[in-house]
file final06.csv (CSV, C-alpha atoms)
chain,number,residue,atom,x,y,z
A,1,MET,CA,15.4,17.7,-8.3
A,2,GLY,CA,13.4,14.8,-7.0
A,3,LEU,CA,11.9,11.7,-8.4
A,4,ALA,CA,9.5,11.9,-11.3
A,5,VAL,CA,6.6,9.6,-10.7
A,6,VAL,CA,4.5,8.7,-13.8
A,7,ALA,CA,0.9,7.8,-14.1
A,8,PRO,CA,0.4,4.0,-13.9
A,9,VAL,CA,-3.0,4.2,-15.7
A,10,ALA,CA,-4.7,6.4,-18.1
A,11,GLY,CA,-7.5,8.6,-16.7
A,12,THR,CA,-8.3,11.8,-14.9
A,13,VAL,CA,-6.1,13.0,-12.0
A,14,ILE,CA,-8.0,13.6,-8.7
A,15,PRO,CA,-6.7,14.7,-5.3
A,16,LEU,CA,-5.9,11.8,-2.9
A,17,SER,CA,-8.4,13.4,-0.6
A,18,GLU,CA,-11.2,12.5,-3.0
A,19,VAL,CA,-10.4,8.8,-2.9
A,20,PRO,CA,-13.5,7.0,-1.5
A,21,ASP,CA,-11.5,5.4,1.4
A,22,PRO,CA,-10.8,7.3,4.6
A,23,VAL,CA,-7.3,5.8,5.1
A,24,PHE,CA,-6.1,6.7,1.6
A,25,ALA,CA,-8.0,10.0,1.6
A,26,GLY,CA,-6.5,11.0,4.9
A,27,GLY,CA,-3.0,10.5,3.7
A,28,LEU,CA,-2.4,7.6,6.2
A,29,VAL,CA,-0.8,5.5,3.6
A,30,GLY,CA,1.3,8.5,2.4
A,31,PRO,CA,1.0,11.5,0.2
A,32,GLY,CA,0.4,11.2,-3.5
A,33,ALA,CA,-2.4,11.5,-6.1
A,34,ALA,CA,-5.2,9.4,-7.5
A,35,ILE,CA,-6.4,8.6,-10.9
A,36,ALA,CA,-10.0,8.0,-12.0
A,37,PRO,CA,-9.1,5.5,-14.7
A,38,ASP,CA,-10.6,5.2,-18.2
A,39,PRO,CA,-13.1,2.3,-18.1
A,40,ALA,CA,-11.6,0.3,-21.0
A,41,GLY,CA,-9.3,-2.6,-20.0
A,42,HIS,CA,-5.7,-1.6,-20.1
A,43,ARG,CA,-2.2,-2.2,-18.9
A,44,VAL,CA,-0.9,-0.7,-15.7
A,45,VAL,CA,2.7,0.5,-15.8
A,46,ALA,CA,5.4,1.0,-13.2
A,47,PRO,CA,5.3,4.6,-11.8
A,48,VAL,CA,9.0,4.7,-11.2
A,49,GLY,CA,12.0,2.5,-12.1
A,50,GLY,CA,13.2,0.0,-9.6
A,51,GLU,CA,12.5,-3.3,-8.0
A,52,LEU,CA,9.0,-4.6,-7.9
A,53,VAL,CA,9.1,-5.4,-4.2
A,54,LYS,CA,5.5,-6.5,-3.9
A,55,VAL,CA,3.0,-7.4,-6.5
A,56,LYS,CA,-0.6,-8.5,-6.0
A,57,PRO,CA,-3.3,-8.5,-8.7
A,58,HIS,CA,-4.9,-5.3,-7.3
A,59,ALA,CA,-1.8,-3.5,-6.0
A,60,PHE,CA,1.9,-3.3,-6.3
A,61,VAL,CA,4.9,-1.5,-4.9
A,62,VAL,CA,8.0,-0.4,-6.8
A,63,ALA,CA,11.1,0.8,-4.9
A,64,SER,CA,13.7,2.9,-6.7
A,65,PRO,CA,17.4,2.3,-6.1
A,66,GLN,CA,17.4,5.5,-4.1
A,67,GLY,CA,14.9,4.0,-1.7
A,68,TYR,CA,11.8,5.8,-2.9
A,69,ALA,CA,8.9,3.4,-2.9
A,70,VAL,CA,5.6,4.0,-4.6
A,71,LEU,CA,2.4,2.0,-4.0
A,72,VAL,CA,-0.2,1.7,-6.8
A,73,HIS,CA,-3.6,0.5,-5.7
A,74,LEU,CA,-6.0,-0.5,-8.4
A,75,GLY,CA,-9.5,0.4,-7.2
A,76,ILE,CA,-10.8,0.4,-3.6
A,77,ASP,CA,-11.6,-2.9,-1.7
A,78,THR,CA,-10.5,-4.7,-4.8
A,79,VAL,CA,-8.7,-7.3,-2.6
A,80,ARG,CA,-12.2,-8.8,-2.4
A,81,LEU,CA,-12.1,-9.7,-6.1
A,82,ASP,CA,-9.3,-12.2,-5.3
A,83,GLY,CA,-7.6,-11.4,-8.6
A,84,ALA,CA,-10.6,-11.7,-10.8
A,85,GLY,CA,-10.3,-9.1,-13.7
A,86,PHE,CA,-6.6,-8.7,-13.1
A,87,THR,CA,-3.6,-10.3,-14.8
A,88,VAL,CA,-0.2,-9.9,-13.3
A,89,LEU,CA,2.4,-9.3,-16.0
A,90,ALA,CA,5.6,-9.1,-13.9
A,91,ALA,CA,7.2,-11.1,-11.0
A,92,PRO,CA,8.0,-10.0,-7.5
A,93,GLY,CA,11.7,-9.0,-7.3
A,94,GLN,CA,11.8,-8.0,-11.0
A,95,LEU,CA,13.5,-4.8,-12.0
A,96,VAL,CA,11.3,-2.6,-14.0
A,97,ALA,CA,11.7,0.8,-15.8
A,98,ALA,CA,9.1,3.5,-15.3
A,99,GLY,CA,6.4,2.8,-17.9
A,100,ASP,CA,7.0,-1.0,-18.0
A,101,PRO,CA,3.7,-3.0,-17.8
A,102,VAL,CA,3.1,-4.7,-14.4
A,103,VAL,CA,-0.6,-5.6,-14.4
A,104,ARG,CA,-3.5,-5.7,-16.9
A,105,TRP,CA,-6.9,-5.0,-15.6
A,106,ASP,CA,-10.4,-4.1,-16.6
A,107,PRO,CA,-11.8,-1.2,-14.6
A,108,ALA,CA,-15.3,-1.6,-16.2
A,109,ALA,CA,-15.4,-5.1,-14.8
A,110,VAL,CA,-14.4,-3.8,-11.3
A,111,ALA,CA,-17.1,-1.2,-11.5
A,112,THR,CA,-19.7,-3.9,-12.5
A,113,ARG,CA,-18.9,-5.6,-9.1
A,114,GLY,CA,-19.9,-2.4,-7.3
A,115,LEU,CA,-16.4,-1.3,-6.4
A,116,ALA,CA,-14.7,2.1,-6.9
A,117,THR,CA,-12.0,1.9,-9.6
A,118,THR,CA,-10.1,4.9,-8.2
A,119,CYS,CA,-6.4,4.3,-8.2
A,120,PRO,CA,-4.3,5.9,-5.4
A,121,VAL,CA,-0.6,6.4,-6.3
A,122,VAL,CA,1.2,6.9,-3.0
A,123,ALA,CA,4.7,7.8,-1.9
A,124,LEU,CA,5.5,5.5,1.0
A,125,ASP,CA,7.2,6.6,4.2
A,126,ALA,CA,7.2,10.2,2.9
A,127,PRO,CA,6.2,13.3,4.9
A,128,ALA,CA,3.0,15.1,3.9
A,129,GLY,CA,4.8,17.8,1.9
A,130,ALA,CA,7.0,15.5,-0.2
A,131,VAL,CA,4.7,15.4,-3.2
A,132,THR,CA,4.7,18.4,-5.6
A,133,GLN,CA,3.9,19.3,-9.2
A,134,VAL,CA,0.8,17.1,-9.3
A,135,ALA,CA,-0.6,16.8,-12.8
A,136,THR,CA,-4.2,17.9,-13.5
A,137,GLY,CA,-6.7,16.7,-15.9
A,138,ARG,CA,-6.2,13.8,-18.2
A,139,VAL,CA,-3.1,11.7,-18.2
A,140,ALA,CA,-2.0,8.7,-20.3
A,141,ALA,CA,-0.1,5.8,-18.7
A,142,GLY,CA,3.5,7.0,-18.5
A,143,ASP,CA,2.7,10.7,-18.4
A,144,PRO,CA,4.2,12.7,-15.4
A,145,LEU,CA,1.9,12.4,-12.4
A,146,PHE,CA,3.9,14.1,-9.6
A,147,THR,CA,7.3,14.8,-8.3
A,148,TRP,CA,8.6,13.3,-5.0
A,149,ILE,CA,11.1,15.8,-3.4
B,1,MET,CA,12.7,-6.8,25.2
B,2,PRO,CA,8.9,-7.2,25.6
B,3,GLU,CA,7.3,-9.1,22.8
B,4,ARG,CA,3.8,-10.2,21.8
B,5,ARG,CA,2.7,-12.8,19.3
B,6,VAL,CA,-0.6,-12.2,17.4
B,7,THR,CA,-2.5,-13.6,14.5
B,8,VAL,CA,-3.4,-11.1,11.8
B,9,ALA,CA,-7.1,-10.8,11.3
B,10,ALA,CA,-7.4,-8.4,8.3
B,11,PRO,CA,-8.8,-10.3,5.3
B,12,GLU,CA,-6.2,-8.9,3.0
B,13,GLY,CA,-3.4,-9.4,5.5
B,14,LEU,CA,-1.1,-6.4,6.3
B,15,HIS,CA,-1.7,-4.8,3.0
B,16,ALA,CA,-2.3,-1.1,2.2
B,17,ARG,CA,-5.1,-0.1,4.5
B,18,PRO,CA,-4.6,-2.3,7.5
B,19,ALA,CA,-0.8,-1.7,7.2
B,20,ALA,CA,-1.3,2.0,7.1
B,21,GLN,CA,-3.5,1.9,10.2
B,22,PHE,CA,-1.0,-0.3,12.0
B,23,VAL,CA,2.0,1.9,11.1
B,24,LYS,CA,0.1,5.0,12.2
B,25,ALA,CA,-0.7,3.3,15.6
B,26,VAL,CA,3.0,2.4,15.9
B,27,ALA,CA,4.0,6.0,15.3
B,28,ASP,CA,1.3,7.2,17.8
B,29,SER,CA,2.6,4.9,20.4
B,30,GLY,CA,6.0,6.5,20.3
B,31,ALA,CA,7.7,3.2,20.9
B,32,ALA,CA,10.4,1.6,18.7
B,33,VAL,CA,8.5,-1.4,17.5
B,34,THR,CA,9.6,-4.2,15.2
B,35,ILE,CA,7.4,-6.8,13.4
B,36,GLY,CA,8.5,-10.1,12.1
B,37,ARG,CA,7.7,-13.8,11.7
B,38,PRO,CA,8.1,-16.3,14.6
B,39,ALA,CA,10.3,-18.5,12.5
B,40,GLY,CA,13.2,-17.0,10.6
B,41,GLY,CA,13.8,-13.7,8.8
B,42,ASP,CA,14.9,-10.4,10.3
B,43,PRO,CA,12.2,-8.4,12.0
B,44,VAL,CA,11.5,-5.0,10.3
B,45,ASP,CA,10.9,-1.5,11.5
B,46,ALA,CA,7.1,-1.3,12.2
B,47,ARG,CA,7.2,2.5,11.7
B,48,SER,CA,8.0,2.0,7.9
B,49,ILE,CA,4.9,1.2,5.8
B,50,LEU,CA,7.2,0.0,3.0
B,51,ALA,CA,8.9,-2.4,5.4
B,52,VAL,CA,5.5,-3.7,6.7
B,53,LEU,CA,4.1,-4.0,3.2
B,54,THR,CA,7.2,-5.9,2.0
B,55,LEU,CA,6.9,-8.3,4.9
B,56,ASP,CA,3.8,-9.5,3.1
B,57,VAL,CA,1.9,-10.9,6.1
B,58,ARG,CA,-1.3,-12.8,5.1
B,59,GLN,CA,-4.5,-13.2,7.0
B,60,GLY,CA,-4.2,-15.8,9.7
B,61,GLU,CA,-0.4,-15.6,9.9
B,62,GLU,CA,1.2,-15.1,13.3
B,63,VAL,CA,3.6,-12.2,13.7
B,64,VAL,CA,5.9,-11.2,16.6
B,65,LEU,CA,5.9,-7.6,17.8
B,66,ARG,CA,8.8,-6.4,19.9
B,67,ALA,CA,9.2,-3.0,21.5
B,68,ASP,CA,11.6,-1.2,23.7
B,69,GLY,CA,11.4,1.9,25.8
B,70,THR,CA,8.8,3.6,28.0
B,71,GLY,CA,5.3,2.2,27.5
B,72,ALA,CA,6.5,-0.7,25.4
B,73,VAL,CA,4.3,-3.2,27.1
B,74,ALA,CA,1.2,-1.1,26.8
B,75,ALA,CA,2.0,-0.2,23.1
B,76,LEU,CA,2.4,-3.9,22.3
B,77,GLU,CA,-0.9,-4.6,23.9
B,78,ARG,CA,-2.7,-2.1,21.8
B,79,LEU,CA,-1.0,-3.0,18.6
B,80,ALA,CA,-1.6,-6.7,19.1
B,81,GLY,CA,-5.3,-5.8,19.7
B,82,LEU,CA,-5.4,-3.9,16.5
B,83,LEU,CA,-3.8,-6.7,14.4
B,84,ALA,CA,-6.1,-9.2,16.0
B,85,GLY,CA,-9.1,-7.1,15.1
B,86,ALA,CA,-10.1,-6.4,18.7
B,87,VAL,CA,-9.8,-2.7,18.4
B,88,PRO,CA,-12.4,-0.9,16.3
B,89,GLU,CA,-10.9,0.7,13.2
B,90,GLY,CA,-13.6,3.3,12.8
B,91,GLU,CA,-15.0,4.0,9.3
B,92,ALA,CA,-12.3,2.1,7.6
B,93,GLY,CA,-13.9,-1.3,7.9
B,94,ASP,CA,-12.0,-4.5,7.9
B,95,GLY,CA,-9.9,-4.6,5.0

call {"tool": "encode", "arguments": {"input": "final06.csv", "output": "structure tokens"}}
result
Amino acid sequence: MGLAVVAPVAGTVIPLSEVPDPVFAGGLVGPGAAIAPDPAGHRVVAPVGGELVKVKPHAFVVASPQGYAVLVHLGIDTVRLDGAGFTVLAAPGQLVAAGDPVVRWDPAAVATRGLATTCPVVALDAPAGAVTQVATGRVAAGDPLFTWI
Amino acid sequence: MPERRVTVAAPEGLHARPAAQFVKAVADSGAAVTIGRPAGGDPVDARSILAVLTLDVRQGEEVVLRADGTGAVAALERLAGLLAGAVPEGEAGDG
């Protein structure tokens, strides 16, 4: 059993430890996986079904009815872009299904600004061993990414 | 219960990285700490990164930290320093 978490963006799965940010890479935010996204602009989807408890242009959190909350962070230090290159498609408090669009962004534009486009997908308030069955290789948005046990 | 008020310095507010560092510092302190706003709203468990993220504190906002138990005052002092930007955050930078 456990909660299936799907890839919010299309790209290549990499270990969280390879995220170019020591706080994410060290698992301080929580366990999970990261995706090196395809450069073309695309929609970012909810990794689980539930309530969109927080949404910013560069990051959002979805909390499932069972209390599992997943953070999706679009790129590193992208708060500095102040929303430029991102379009929020959903509202805070909205109920979403896994795979529903939440944000549209353009990773190539983020890269042009000199920022990493790596997307950590993190299980919040989860112990280190809570994430299993992490996908490898390429994923499309909505493909299985990991299981939260 | 001891409490401290502090203005959050992190440019992105208490979002992913500063929130994680704060929650880690709370866990390390061993104290039962809550964080909330001075006016209204229930304080939340500062040991939960989800709770801290959902509180959605912006840069320049004042928060109230409360703690109970042994070492509460010292823990609040250190946590307030962290939020105010007085404590170096190592390689992680400011935001």

call {"tool": "residues_around", "arguments": {"input": "final06.csv", "residues": "A:Pro65", "least_positions_apart": "3", "cutoff": "9 Å", "atoms": "all atoms listed in the file", "output": "list in words"}}
result
Gly49, Gly50, Glu51 and Tyr68 of chain A

call {"tool": "interface_residues", "arguments": {"input": "final06.csv", "of": "chain B", "to": "chain A", "cutoff": "9 Å", "atoms": "only C-alpha atoms", "output": "VMD selection string"}}
result
chain B and resid 11 to 12 16 to 21 23 to 24 47 to 50 53 to 54 56 91 to 92 95

call {"tool": "closest_residue", "arguments": {"input": "final06.csv", "among": "B:Leu83, B:Ala10, B:Ala75, B:Val52", "to": "B:Ile35", "atoms": "all atoms listed in the file"}}
result
B:Val52

call {"tool": "closest_residue", "arguments": {"input": "final06.csv", "among": "B:Gly85, B:Gly40, B:Gly60, B:Gly71", "to": "B:Val26", "atoms": "all atoms listed in the file"}}
result
B:Gly71

call {"tool": "residues_around", "arguments": {"input": "final06.csv", "residues": "B:Gly36", "least_positions_apart": "3", "cutoff": "6 Å", "atoms": "all atoms listed in the file", "output": "ChimeraX atom specification"}}
result
/B:43,63-64

call {"tool": "closest_residue", "arguments": {"input": "final06.csv", "among": "B:Phe22, B:His15, B:Arg58, B:Glu3", "to": "B:Ala46", "atoms": "only C-alpha atoms"}}
result
B:Phe22

call {"tool": "atom_distance", "arguments": {"input": "final06.csv", "atom1": "atom CA of A:Ala98", "atom2": "atom CA of A:Val6"}}
result
7.1 Å

call {"tool": "residues_around", "arguments": {"input": "final06.csv", "residues": "A:Phe86", "least_positions_apart": "2", "cutoff": "9 Å", "atoms": "all atoms listed in the file", "output": "number ranges by chain"}}
result
A: 57-58, 81-84, 88, 103-106

call {"tool": "atom_distance", "arguments": {"input": "final06.csv", "atom1": "atom CA of A:Pro120", "atom2": "atom CA of B:Arg37"}}
result
28.7 Å

call {"tool": "atom_distance", "arguments": {"input": "final06.csv", "atom1": "atom CA of A:Ala108", "atom2": "atom CA of A:Gly85"}}
result
9.4 Å
